[in-house]
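J.: One file: entry.txt (compact mmCIF, C-alpha atoms and all ligand atoms).
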```
# COMPACT_ATOMS: atom_id res chain seq x y z
CA MET A 1068 42.84 0.30 0.25
CA ASP A 1069 42.64 3.11 -2.24
CA PHE A 1070 39.45 4.23 -3.84
CA LEU A 1071 39.97 2.50 -7.18
CA THR A 1072 40.78 -0.93 -5.71
CA LEU A 1073 37.80 -0.74 -3.47
CA PHE A 1074 35.60 0.29 -6.34
CA ALA A 1075 36.90 -2.60 -8.48
CA VAL A 1076 36.05 -5.10 -5.72
CA TYR A 1077 32.64 -3.51 -5.43
CA VAL A 1078 31.89 -3.76 -9.14
CA ALA A 1079 33.11 -7.38 -9.16
CA VAL A 1080 30.71 -8.32 -6.35
CA VAL A 1081 27.76 -6.63 -8.05
CA LEU A 1082 28.55 -8.34 -11.37
CA THR A 1083 28.81 -11.71 -9.65
CA CYS A 1084 25.39 -11.15 -8.12
CA ILE A 1085 23.91 -10.29 -11.51
CA ALA A 1086 25.55 -13.37 -13.05
CA LEU A 1087 24.09 -15.56 -10.30
CA VAL A 1088 20.66 -14.09 -10.87
CA CYS A 1089 20.86 -14.76 -14.59
CA LYS A 1090 21.95 -18.32 -13.94
CA TYR A 1091 19.29 -18.73 -11.32
CA SER A 1092 16.60 -17.64 -13.72
CA GLY A 1093 17.46 -20.92 -15.47
CA GLN A 1094 17.38 -19.65 -19.03
CA GLN A 1095 19.61 -21.35 -21.58
CA HIS A 1096 20.33 -18.04 -23.26
CA SER A 1097 21.17 -16.10 -20.15
CA PRO A 1098 24.05 -13.64 -20.60
CA LEU A 1099 26.27 -15.82 -18.43
CA ASN A 1100 25.82 -18.90 -20.60
CA VAL A 1101 26.28 -16.95 -23.80
CA LEU A 1102 29.43 -15.37 -22.40
CA PHE A 1103 30.77 -18.74 -21.39
CA ASN A 1104 29.97 -20.59 -24.60
CA PHE A 1105 31.12 -18.03 -27.11
CA ILE A 1106 33.87 -16.08 -25.44
CA LEU A 1107 35.38 -18.15 -22.68
CA GLY A 1108 34.51 -21.57 -24.13
CA PRO A 1109 37.28 -21.86 -26.75
CA ILE A 1110 40.03 -20.56 -24.46
CA THR A 1111 39.16 -22.55 -21.32
CA PRO A 1112 40.79 -25.95 -20.76
CA LYS A 1113 38.49 -28.99 -20.93
CA TRP A 1114 38.88 -29.96 -17.27
CA LEU A 1115 37.87 -26.48 -16.16
CA GLN A 1116 34.78 -26.62 -18.38
CA LYS A 1117 33.93 -30.03 -16.90
CA PHE A 1118 34.37 -28.67 -13.40
CA TRP A 1119 32.20 -25.66 -14.21
CA GLN A 1120 29.44 -27.88 -15.63
CA TRP A 1121 29.67 -30.15 -12.61
CA THR A 1122 29.42 -27.18 -10.24
CA LEU A 1123 26.39 -25.78 -12.04
CA HIS A 1124 24.77 -29.20 -12.04
CA ARG A 1125 25.45 -29.67 -8.33
CA LEU A 1126 24.08 -26.22 -7.52
CA PHE A 1127 21.05 -25.99 -9.77
CA HIS A 1128 19.97 -29.49 -10.75
CA GLN A 1129 20.42 -31.39 -7.51
CA ARG A 1130 19.11 -30.66 -4.08
CA SER A 1131 21.73 -28.89 -2.00
CA ASN A 1132 21.77 -26.53 0.92
CA MET A 1133 24.47 -24.34 -0.64
CA PHE A 1134 22.19 -21.38 -1.26
CA ILE A 1135 20.67 -21.59 2.20
CA TYR A 1136 24.18 -21.26 3.65
CA LEU A 1137 25.03 -18.45 1.23
CA HIS A 1138 21.82 -16.71 2.24
CA ILE A 1139 22.68 -16.97 5.95
CA LEU A 1140 26.25 -15.85 5.30
CA LEU A 1141 25.21 -12.70 3.40
CA GLU A 1142 22.57 -11.90 5.98
CA GLY A 1143 25.08 -12.42 8.79
CA ALA A 1144 27.54 -10.05 7.10
CA VAL A 1145 24.90 -7.33 6.66
CA TYR A 1146 23.66 -7.63 10.24
CA ALA A 1147 27.20 -7.66 11.67
CA GLU A 1148 28.01 -4.49 9.74
CA PHE A 1149 24.75 -2.88 10.83
CA THR A 1150 25.16 -3.84 14.48
CA TYR A 1151 28.84 -3.01 14.90
CA GLU A 1152 29.14 0.13 12.78
CA VAL A 1153 25.90 1.68 11.61
CA PHE A 1154 24.09 1.21 14.91
CA GLY A 1155 26.69 3.23 16.84
CA PHE A 1156 26.74 6.08 14.31
CA CYS A 1157 22.93 6.17 14.27
CA ARG A 1158 22.84 6.44 18.07
CA GLU A 1159 25.23 9.39 17.88
CA MET A 1160 22.84 11.00 15.43
CA ASP A 1161 19.90 10.53 17.79
CA THR A 1162 18.03 7.87 15.85
CA THR A 1163 15.61 6.32 18.34
CA LEU A 1164 16.17 2.83 19.70
CA THR A 1165 12.68 1.90 18.51
CA SER A 1166 13.48 2.53 14.87
CA LEU A 1167 16.86 0.85 15.26
CA SER A 1168 15.21 -2.30 16.57
CA VAL A 1169 12.89 -2.69 13.57
CA PRO A 1170 15.54 -4.53 11.47
CA TYR A 1171 15.90 -7.16 14.21
CA VAL A 1172 12.15 -7.69 14.43
CA LEU A 1173 12.04 -8.09 10.64
CA LEU A 1174 14.94 -10.54 10.83
CA GLY A 1175 12.95 -12.69 13.25
CA LEU A 1176 9.87 -12.60 11.02
CA LYS A 1177 11.84 -13.37 7.90
CA THR A 1178 13.65 -16.29 9.52
CA PHE A 1179 10.29 -17.74 10.58
CA PHE A 1180 8.85 -17.64 7.04
CA PHE A 1181 12.15 -18.81 5.55
CA TYR A 1182 12.09 -21.81 7.85
CA LEU A 1183 8.46 -22.64 7.00
CA CYS A 1184 9.25 -22.33 3.31
CA ILE A 1185 12.11 -24.81 3.63
CA LYS A 1186 10.33 -27.26 5.89
CA THR A 1187 6.78 -27.34 4.54
CA ASP A 1188 5.95 -30.09 2.11
CA PRO A 1189 4.91 -28.13 -1.01
CA GLY A 1190 2.24 -30.73 -1.85
CA THR A 1191 4.02 -33.84 -3.09
CA VAL A 1192 1.81 -36.13 -5.15
CA THR A 1193 1.98 -39.54 -3.52
CA LYS A 1194 0.48 -42.92 -4.26
CA LYS A 1195 -1.59 -42.74 -1.10
CA LYS A 1196 -2.97 -39.25 -1.64
CA VAL A 1197 -3.20 -39.01 -5.42
CA ALA A 1198 -6.86 -40.08 -5.57
CA ALA A 1199 -7.82 -37.18 -3.29
CA GLN A 1200 -5.39 -34.77 -4.93
CA LEU A 1201 -6.99 -35.35 -8.33
CA HIS A 1202 -10.21 -33.76 -7.05
CA ILE A 1203 -8.77 -30.46 -5.87
CA TYR A 1204 -8.64 -28.71 -9.24
CA SER A 1205 -10.52 -29.48 -12.38
CA TYR A 1206 -8.64 -29.94 -15.65
CA ASP A 1207 -8.89 -26.87 -17.82
CA ARG A 1208 -8.17 -28.93 -20.99
CA ARG A 1209 -5.98 -26.08 -22.01
CA LEU A 1210 -2.73 -26.44 -20.06
CA PHE A 1211 -3.73 -29.57 -18.16
CA HIS A 1212 -5.50 -32.58 -19.59
CA PRO A 1213 -7.05 -35.48 -17.72
CA GLY A 1214 -5.52 -38.95 -17.81
CA VAL A 1215 -1.89 -37.90 -18.26
CA SER A 1216 0.59 -39.79 -16.10
CA CYS A 1217 4.03 -38.73 -14.98
CA PRO A 1218 6.50 -41.12 -16.63
CA THR A 1219 8.85 -40.95 -13.62
CA CYS A 1220 6.42 -41.14 -10.70
CA GLN A 1221 3.98 -43.38 -12.60
CA LEU A 1222 1.04 -41.54 -11.07
CA VAL A 1223 -1.77 -39.66 -12.77
CA LYS A 1224 -0.95 -35.96 -12.82
CA PRO A 1225 -3.49 -33.80 -10.95
CA ALA A 1226 -4.42 -30.53 -12.68
CA ARG A 1227 -1.84 -27.76 -12.05
CA SER A 1228 0.84 -30.22 -10.91
CA LYS A 1229 4.28 -30.61 -12.42
CA HIS A 1230 7.20 -32.95 -11.97
CA CYS A 1231 10.15 -31.23 -10.31
CA ARG A 1232 13.33 -32.57 -11.84
CA VAL A 1233 15.49 -31.37 -8.98
CA CYS A 1234 13.46 -33.08 -6.26
CA ASN A 1235 12.29 -35.92 -8.50
CA ARG A 1236 8.64 -35.76 -7.47
CA CYS A 1237 5.38 -34.36 -8.76
CA VAL A 1238 4.12 -31.34 -6.86
CA GLN A 1239 0.56 -30.06 -6.61
CA ARG A 1240 -0.06 -26.52 -7.90
CA PHE A 1241 3.62 -26.37 -8.81
CA ASP A 1242 5.09 -22.91 -9.04
CA HIS A 1243 8.85 -23.37 -9.36
CA HIS A 1244 11.81 -24.97 -7.65
CA CYS A 1245 13.57 -22.37 -5.54
CA VAL A 1246 17.28 -23.00 -4.92
CA TRP A 1247 17.39 -20.39 -2.15
CA VAL A 1248 15.11 -22.51 0.03
CA ASN A 1249 16.09 -25.85 -1.54
CA ASN A 1250 12.45 -26.76 -1.96
CA CYS A 1251 9.71 -26.55 -4.54
CA ILE A 1252 7.17 -23.80 -4.18
CA GLY A 1253 3.75 -25.41 -4.46
CA ALA A 1254 0.22 -25.53 -3.08
CA GLN A 1255 1.15 -25.64 0.60
CA ASN A 1256 4.06 -23.19 0.79
CA THR A 1257 3.35 -20.45 -1.75
CA ARG A 1258 1.94 -18.40 1.14
CA TYR A 1259 5.18 -18.69 3.12
CA PHE A 1260 7.18 -17.91 0.02
CA LEU A 1261 5.24 -14.67 -0.55
CA LEU A 1262 5.56 -13.63 3.10
CA TYR A 1263 9.25 -14.50 2.99
CA LEU A 1264 9.78 -12.33 -0.11
CA PHE A 1265 7.98 -9.40 1.48
CA SER A 1266 9.91 -9.68 4.74
CA VAL A 1267 13.28 -9.82 2.95
CA CYS A 1268 12.32 -6.71 0.97
CA ALA A 1269 11.25 -4.93 4.13
CA MET A 1270 14.48 -5.93 5.85
CA ALA A 1271 16.74 -4.75 3.02
CA GLY A 1272 14.68 -1.58 2.54
CA ASP A 1273 14.66 -0.67 6.21
CA ILE A 1274 18.40 -1.17 6.77
CA ALA A 1275 19.10 0.75 3.55
CA LEU A 1276 16.94 3.67 4.76
CA LEU A 1277 18.59 3.79 8.19
CA THR A 1278 22.05 3.61 6.62
CA GLY A 1279 21.22 6.23 3.99
CA ASP A 1280 19.89 8.53 6.68
CA MET A 1281 23.05 8.08 8.71
CA LEU A 1282 25.29 8.86 5.72
CA LEU A 1283 23.21 11.92 4.88
CA HIS A 1284 23.64 13.21 8.41
CA ALA A 1285 27.36 12.51 8.23
CA VAL A 1286 27.65 14.56 5.02
CA LEU A 1287 25.60 17.43 6.42
CA ARG A 1288 27.65 17.48 9.59
CA SER A 1289 31.00 17.40 7.84
CA GLY A 1290 30.09 20.61 5.99
CA LEU A 1291 31.34 18.99 2.78
CA LEU A 1292 28.53 20.52 0.77
CA ARG A 1293 29.87 24.00 1.48
CA ALA A 1294 33.51 22.95 1.03
CA SER A 1295 35.66 23.72 -1.97
CA TYR A 1296 39.02 22.63 -3.30
CA ILE A 1297 41.77 24.16 -5.40
CA ASP A 1298 42.09 22.52 -8.84
CA GLU A 1299 45.32 22.15 -10.85
CA ASN A 1300 44.87 25.63 -12.37
CA GLY A 1301 44.76 27.19 -8.95
CA GLN A 1302 41.03 27.92 -9.22
CA GLU A 1303 38.69 27.39 -6.34
CA GLN A 1304 36.03 24.75 -7.17
CA PRO A 1305 32.98 23.78 -5.09
CA ALA A 1306 32.98 20.12 -3.98
CA GLY A 1307 30.47 18.41 -6.30
CA PRO A 1308 28.39 15.26 -5.69
CA LEU A 1309 31.19 13.04 -7.02
CA PHE A 1310 33.50 14.48 -4.43
CA VAL A 1311 30.97 13.69 -1.70
CA VAL A 1312 30.51 10.11 -2.92
CA GLN A 1313 34.27 9.57 -2.99
CA HIS A 1314 34.59 11.04 0.47
CA LEU A 1315 31.89 8.69 1.80
CA PHE A 1316 33.49 5.70 0.11
CA LEU A 1317 36.81 6.50 1.76
CA THR A 1318 35.43 7.35 5.19
CA PHE A 1319 32.86 4.53 5.50
CA PRO A 1320 33.97 1.94 2.92
CA ARG A 1321 32.16 -1.05 4.42
CA ILE A 1322 28.97 0.88 5.07
CA VAL A 1323 28.75 2.29 1.53
CA PHE A 1324 29.52 -1.17 0.18
CA MET A 1325 26.69 -2.66 2.22
CA LEU A 1326 24.28 0.09 1.19
CA GLY A 1327 24.94 -0.57 -2.50
CA PHE A 1328 24.34 -4.28 -1.99
CA LEU A 1329 21.10 -3.66 -0.10
CA VAL A 1330 19.72 -1.27 -2.70
CA PHE A 1331 20.49 -3.84 -5.39
CA VAL A 1332 18.85 -6.66 -3.44
CA PHE A 1333 15.86 -4.51 -2.59
CA PHE A 1334 15.00 -3.56 -6.17
CA LEU A 1335 15.60 -7.06 -7.44
CA LEU A 1336 13.42 -8.72 -4.82
CA ALA A 1337 10.77 -6.02 -4.85
CA GLY A 1338 10.30 -6.64 -8.57
CA TYR A 1339 10.16 -10.37 -7.98
CA ALA A 1340 7.70 -9.98 -5.10
CA MET A 1341 5.49 -7.77 -7.28
CA PHE A 1342 5.45 -10.38 -10.01
CA HIS A 1343 4.49 -13.13 -7.57
CA SER A 1344 1.80 -10.99 -5.95
CA TYR A 1345 0.35 -10.30 -9.37
CA LEU A 1346 0.30 -14.03 -10.12
CA ALA A 1347 -1.34 -14.74 -6.76
CA LEU A 1348 -4.02 -12.14 -7.48
CA ILE A 1349 -4.90 -13.61 -10.88
CA ASN A 1350 -4.84 -17.26 -9.71
CA GLN A 1351 -1.86 -18.41 -11.74
CA THR A 1352 1.38 -20.16 -10.92
CA SER A 1353 4.56 -19.03 -12.66
CA ASN A 1354 4.61 -22.45 -14.35
CA GLU A 1355 1.18 -21.74 -15.83
CA TRP A 1356 2.17 -18.20 -16.68
CA TYR A 1357 5.15 -19.37 -18.74
CA LYS A 1358 3.11 -22.12 -20.34
CA SER A 1359 0.25 -19.90 -21.37
CA ARG A 1360 2.44 -17.35 -23.06
CA GLY A 1361 2.02 -17.89 -26.76
CA TYR A 1362 -0.90 -20.24 -26.18
CA VAL A 1363 -3.46 -20.13 -28.96
CA CYS A 1364 -6.85 -21.36 -27.97
CA GLN A 1365 -8.44 -23.92 -30.27
CA HIS A 1366 -11.80 -22.20 -29.85
CA CYS A 1367 -10.70 -18.66 -30.44
CA HIS A 1368 -8.25 -19.41 -33.24
CA PRO A 1369 -9.67 -18.46 -36.65
CA THR A 1370 -8.86 -21.87 -38.13
CA ALA A 1371 -10.59 -23.74 -35.30
CA ALA A 1372 -12.99 -26.46 -36.29
CA ALA A 1373 -16.33 -25.04 -37.40
CA ASP A 1374 -18.43 -26.95 -34.88
CA ASN A 1375 -16.29 -25.62 -32.07
CA LEU A 1376 -16.98 -22.08 -33.12
CA HIS A 1377 -20.67 -22.46 -32.44
CA SER A 1378 -20.45 -23.89 -28.97
CA PRO A 1379 -20.66 -21.32 -26.18
CA VAL A 1380 -17.06 -21.06 -24.98
CA PRO A 1381 -15.51 -18.75 -22.43
CA ASP A 1382 -12.86 -16.36 -23.64
CA HIS A 1383 -9.75 -18.50 -23.25
CA SER A 1384 -7.35 -15.93 -24.57
CA LYS A 1385 -7.64 -13.67 -21.54
CA ARG A 1386 -4.88 -13.50 -18.94
CA TYR A 1387 -7.44 -13.47 -16.18
CA TYR A 1388 -9.18 -16.58 -17.35
CA TYR A 1389 -8.68 -18.36 -14.01
CA SER A 1390 -9.40 -15.44 -11.74
CA ARG A 1391 -12.49 -15.81 -9.55
CA GLY A 1392 -12.08 -12.45 -7.83
CA LEU A 1393 -9.11 -11.14 -5.89
CA LEU A 1394 -10.27 -12.31 -2.45
CA ARG A 1395 -11.00 -15.84 -3.54
CA ASN A 1396 -7.68 -16.04 -5.38
CA LEU A 1397 -5.81 -14.91 -2.28
CA GLY A 1398 -7.91 -17.23 -0.13
CA GLU A 1399 -6.70 -20.16 -2.18
CA ILE A 1400 -3.07 -19.17 -1.56
CA PHE A 1401 -3.40 -18.57 2.17
CA PHE A 1402 -5.85 -21.39 2.90
CA PRO A 1403 -4.90 -23.94 0.27
CA PRO A 1404 -7.46 -26.70 -0.24
CA ARG A 1405 -6.16 -29.96 1.20
CA PRO A 1406 -6.77 -33.36 -0.30
CA VAL A 1407 -9.55 -35.05 1.65
CA GLN A 1408 -8.75 -38.72 2.10
CA LYS A 1409 -11.67 -41.07 2.05
CA LYS A 1410 -11.75 -43.62 4.84
CA ASP A 1411 -11.63 -47.22 3.60
CA ASN A 1412 -14.59 -49.19 4.93
C1 LIG B 1501 -7.87 -21.12 -9.94
O1 LIG B 1501 -7.78 -21.76 -11.18
C2 LIG B 1501 -8.05 -23.16 -11.20
C3 LIG B 1501 -7.82 -23.66 -12.59
O2 LIG B 1501 -6.49 -23.62 -12.96
C4 LIG B 1501 -9.44 -23.42 -10.71
O3 LIG B 1501 -9.70 -24.81 -10.66
C5 LIG B 1501 -9.61 -22.83 -9.32
O4 LIG B 1501 -10.93 -22.99 -8.88
C6 LIG B 1501 -9.25 -21.36 -9.33
N1 LIG B 1501 -9.28 -20.87 -7.97
C7 LIG B 1501 -10.03 -19.86 -7.58
C8 LIG B 1501 -9.92 -19.42 -6.17
O5 LIG B 1501 -10.77 -19.31 -8.33
ZN ZN B 1502 6.48 -36.96 -11.38
ZN ZN B 1503 11.85 -29.12 -6.37
```
Before we go any further, please render this structure as structure tokens.
T.:
Amino acid sequence: MDFLTLFAVYVAVVLTCIALVCKYSGQQHSPLNVLFNFILGPITPKWLQKFWQWTLHRLFHQRSNMFIYLHILLEGAVYAEFTYEVFGFCREMDTTLTSLSVPYVLLGLKTFFFYLCIKTDPGTVTKKKVAAQLHIYSYDRRLFHPGVSCPTCQLVKPARSKHCRVCNRCVQRFDHHCVWVNNCIGAQNTRYFLLYLFSVCAMAGDIALLTGDMLLHAVLRSGLLRASYIDENGQEQPAGPLFVVQHLFLTFPRIVFMLGFLVFVFFLLAGYAMFHSYLALINQTSNEWYKSRGYVCQHCHPTAAADNLHSPVPDHSKRYYYSRGLLRNLGEIFFPPRPVQKKDN
């Protein structure tokens, strides 16, 4: 394959990933939807549009293991490439076996958290448990009000819970429905979700570092940095960085391809992990975070009823309204309060 073809494939894969991310973020006005509706919409046959809608519905609005398989497939490809190509080159360049084994340890850790994330019940609100679940959090009368029932489950909604439309159940301390684990993220598995995110980041980051180091050594060894070429005017030109990149792409196409993918995944997930850590530290779920954006408190609003203004009210407008200190916030995530069922006598 020549350089341009390879590069086109590469760009296509990266763009597909970005498109998937946009779609996954679930926004109606994501670039992908806008592109489809306004540019591709009029020129695409009806049956194809139907098929596309059906596919999106199947993937994002119904439970399916598709993304779990995709996840395993991508991971398998990266680890195969690392094991069969990068590993050998790294050994030649005297990278120690200890540092080369770190990615495998991280893979084991990640798989463990991934599994727990998929298998743990996020905190489904059930008829049997709802009485106990109602007592875990108090209603803030801001985002959650007492006495509201879920029209689908026909159960009173505990504070901080939300009905997941994909799983068709109400979930305690609902964060979001994650298609990558085909499960909701809620009270009981937010901890595994966070650990999973961190281990994926560590995995991608570590393999990227080892690969980058290997490529750097390859460039230094080849003496390319001191090389020069004769341009069309017969002048001698030093080989610039572009020349080096092209050389690497042609010599180690699969490895460079993988490195690009890993760097992309790393930055994306690191950002996401940061966001979720921030939420964990301030005692908020992403559901609450979205809901409280643009919230105007009745007490703090200038047009609030006069009698309200005189009652001593906490400052509702603050982002950190729910925070009870970093340690206690984290404690709630890692040791989530469980509903205590009363024994019937
Ligand atoms: C987190 O916020 C909720 C209200 O949404 C509150 O009931 C709970 O006690 C808070 N948790 C901690 C650890 O402060
Ligand atoms: Zn419900
Ligand atoms: Zn769900």
J.: Determine, counting only C-alpha atoms, which protein, DNA and RNA residues have an atom within 9 Å of an atom of region 1267-1281 of chain A; residues of the same chain fewer than 5 positions away are not included. Present the result as an NGL selection string.
T.: :A and (1145 or 1149 or 1153-1154 or 1156-1157 or 1160 or 1162 or 1166-1167 or 1169-1171 or 1173-1174 or 1177 or 1262 or 1286 or 1322-1323 or 1325-1327 or 1329-1330 or 1332-1334 or 1336-1337 or 1340)
J.: Could you put an axis-aligned box around every listed atom of region 1282-1299 of chain A, padded by 4 Å on each side, and send me its centre and edge lengths in Å to one decimal, as lines of an AutoDock Vina configuration file?
T.:
```
center_x = 34.3
center_y = 16.5
center_z = -0.6
size_x = 30.1
size_y = 23.3
size_z = 28.4
```
J.: CA of Arg1158 (chain A) and CA of Tyr1077 (chain A), how far apart in Å?
T.: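 Between these atoms lies a distance of 27.3 Å.
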J.: Quick one: residues within 8 Å of Pro1406 (chain A), only C-alpha atoms, excluding same-chain residues fewer than 6 positions away - as a ChimeraX atom specification?
T.: /A:1196,1199-1200,1202-1203
J.: I'd like to know which of A:Phe1241, A:Tyr1345, A:Phe1211, A:Tyr1387 is closest to ligand ZN 1502 (chain B), using only C-alpha atoms and all ligand atoms.
T.: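 Among A:Phe1241, A:Tyr1345, A:Phe1211, A:Tyr1387, it is A:Phe1241 that comes nearest to ligand ZN 1502 (chain B).
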J.: Taking (-8.9, -10.2, -5.4) in the file's coordinates, which residues come within 12 Å, counting all atoms listed in the file, written as a list in words?
T.: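 Residues lying no farther than 12 Å from the given point: Ser1344, Tyr1345, Leu1346, Ala1347, Leu1348, Ile1349, Asn1350, Tyr1387, Tyr1389, Ser1390, Arg1391, Gly1392, Leu1393, Leu1394, Arg1395, Asn1396, Leu1397, Gly1398, Glu1399 and Ile1400 of chain A.
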J.: Keeping only C-alpha atoms, write those residues as a JSON list (two decimals), in the coordinates of the input.
T.:
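Once written, result-v4.json looks like this:
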```json
[["chain", "number", "residue", "atom", "x", "y", "z"],
["A", 1344, "SER", "CA", 1.80, -10.99, -5.95],
["A", 1345, "TYR", "CA", 0.35, -10.30, -9.37],
["A", 1346, "LEU", "CA", 0.30, -14.03, -10.12],
["A", 1347, "ALA", "CA", -1.34, -14.74, -6.76],
["A", 1348, "LEU", "CA", -4.02, -12.14, -7.48],
["A", 1349, "ILE", "CA", -4.90, -13.61, -10.88],
["A", 1350, "ASN", "CA", -4.84, -17.26, -9.71],
["A", 1387, "TYR", "CA", -7.44, -13.47, -16.18],
["A", 1389, "TYR", "CA", -8.68, -18.36, -14.01],
["A", 1390, "SER", "CA", -9.40, -15.44, -11.74],
["A", 1391, "ARG", "CA", -12.49, -15.81, -9.55],
["A", 1392, "GLY", "CA", -12.08, -12.45, -7.83],
["A", 1393, "LEU", "CA", -9.11, -11.14, -5.89],
["A", 1394, "LEU", "CA", -10.27, -12.31, -2.45],
["A", 1395, "ARG", "CA", -11.00, -15.84, -3.54],
["A", 1396, "ASN", "CA", -7.68, -16.04, -5.38],
["A", 1397, "LEU", "CA", -5.81, -14.91, -2.28],
["A", 1398, "GLY", "CA", -7.91, -17.23, -0.13],
["A", 1399, "GLU", "CA", -6.70, -20.16, -2.18],
["A", 1400, "ILE", "CA", -3.07, -19.17, -1.56]]
```
J.: Which polymer residues have any atom within 8 Å of an atom of Leu1222 (chain A), counting all atoms listed in the file, with same-chain residues fewer than 4 positions away left out, as a PyMOL selection string?
T.: chain A and resi 1193-1194+1197+1216-1218
J.: May I ask for the distance between CA of Lys1186 (chain A) and CA of Leu1126 (chain A), given in Å to one decimal place?
T.: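 Between these atoms lies a distance of 19.2 Å.
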J.: Counting all atoms listed in the file, which residues in chain A sit no more than 10 Å from ligand ZN 1502 (chain B)? For each one, give the nearest pair of atoms and the distance in Å, sorted by chain then residue number, as a tab-separated table.
T.:
```
residue	atom	partner	partner_atom	distance
A:Thr1191	CA	B:ZN1502	ZN	9.2
A:Val1192	CA	B:ZN1502	ZN	7.8
A:Thr1193	CA	B:ZN1502	ZN	9.4
A:Ser1216	CA	B:ZN1502	ZN	8.1
A:Cys1217	CA	B:ZN1502	ZN	4.7
A:Pro1218	CA	B:ZN1502	ZN	6.7
A:Thr1219	CA	B:ZN1502	ZN	5.2
A:Cys1220	CA	B:ZN1502	ZN	4.2
A:Gln1221	CA	B:ZN1502	ZN	7.0
A:Leu1222	CA	B:ZN1502	ZN	7.1
A:Val1223	CA	B:ZN1502	ZN	8.8
A:Lys1224	CA	B:ZN1502	ZN	7.6
A:Ser1228	CA	B:ZN1502	ZN	8.8
A:Lys1229	CA	B:ZN1502	ZN	6.8
A:His1230	CA	B:ZN1502	ZN	4.1
A:Cys1231	CA	B:ZN1502	ZN	6.9
A:Arg1232	CA	B:ZN1502	ZN	8.1
A:Cys1234	CA	B:ZN1502	ZN	9.5
A:Asn1235	CA	B:ZN1502	ZN	6.6
A:Arg1236	CA	B:ZN1502	ZN	4.6
A:Cys1237	CA	B:ZN1502	ZN	3.9
A:Val1238	CA	B:ZN1502	ZN	7.6
```
J.: Keeping only C-alpha atoms, write the selected residues as a compact mmCIF listing (two decimals), keeping the file's coordinate frame.
T.:
```
# COMPACT_ATOMS: atom_id res chain seq x y z
CA THR A 1191 4.02 -33.84 -3.09
CA VAL A 1192 1.81 -36.13 -5.15
CA THR A 1193 1.98 -39.54 -3.52
CA SER A 1216 0.59 -39.79 -16.10
CA CYS A 1217 4.03 -38.73 -14.98
CA PRO A 1218 6.50 -41.12 -16.63
CA THR A 1219 8.85 -40.95 -13.62
CA CYS A 1220 6.42 -41.14 -10.70
CA GLN A 1221 3.98 -43.38 -12.60
CA LEU A 1222 1.04 -41.54 -11.07
CA VAL A 1223 -1.77 -39.66 -12.77
CA LYS A 1224 -0.95 -35.96 -12.82
CA SER A 1228 0.84 -30.22 -10.91
CA LYS A 1229 4.28 -30.61 -12.42
CA HIS A 1230 7.20 -32.95 -11.97
CA CYS A 1231 10.15 -31.23 -10.31
CA ARG A 1232 13.33 -32.57 -11.84
CA CYS A 1234 13.46 -33.08 -6.26
CA ASN A 1235 12.29 -35.92 -8.50
CA ARG A 1236 8.64 -35.76 -7.47
CA CYS A 1237 5.38 -34.36 -8.76
CA VAL A 1238 4.12 -31.34 -6.86
```
J.: Tell me, in Å to one decimal, how far atom C8 of ligand LIG 1501 (chain B) is from CA of Ile1185 (chain A).
T.: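 Atom C8 of ligand LIG 1501 (chain B) sits 24.7 Å away from CA of Ile1185 (chain A).
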J.: Which residue, A:Asp1242, A:Glu1299, A:Glu1355, A:Glu1152, has the smallest gap to ligand ZN 1503 (chain B) when you use all atoms listed in the file?
T.: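 When distances to ligand ZN 1503 (chain B) are compared using all atoms listed in the file, the smallest one comes from A:Asp1242.
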J.: When distances are computed from all atoms listed in the file, which of A:Trp1247, A:Phe1316, A:Phe1310, A:Tyr1339 shows the smallest separation from Met1133 (chain A)?
T.: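 When distances to Met1133 (chain A) are compared using all atoms listed in the file, the smallest one comes from A:Trp1247.
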J.: So which one's closest to ligand ZN 1503 (chain B), A:Leu1210, A:Ala1075, A:Val1246, A:Leu1315? Using only C-alpha atoms and all ligand atoms, please.
T.: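 Of all the options, A:Val1246 lies closest to ligand ZN 1503 (chain B).
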J.: Return the single residue from A:Asn1256, A:Ser1289, A:Ser1353, A:Gln1120 that is closest to ligand LIG 1501 (chain B), with distances computed using all atoms listed in the file.
T.: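 For ligand LIG 1501 (chain B), the nearest of the candidates is A:Ser1353.
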J.: From the set A:Arg1293, A:Arg1208, A:Arg1125, A:His1138, which residue has the shortest atom-to-atom contact distance to ligand LIG 1501 (chain B), counting all atoms listed in the file?
T.: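 The shortest atom-to-atom distance to ligand LIG 1501 (chain B) comes from A:Arg1208.
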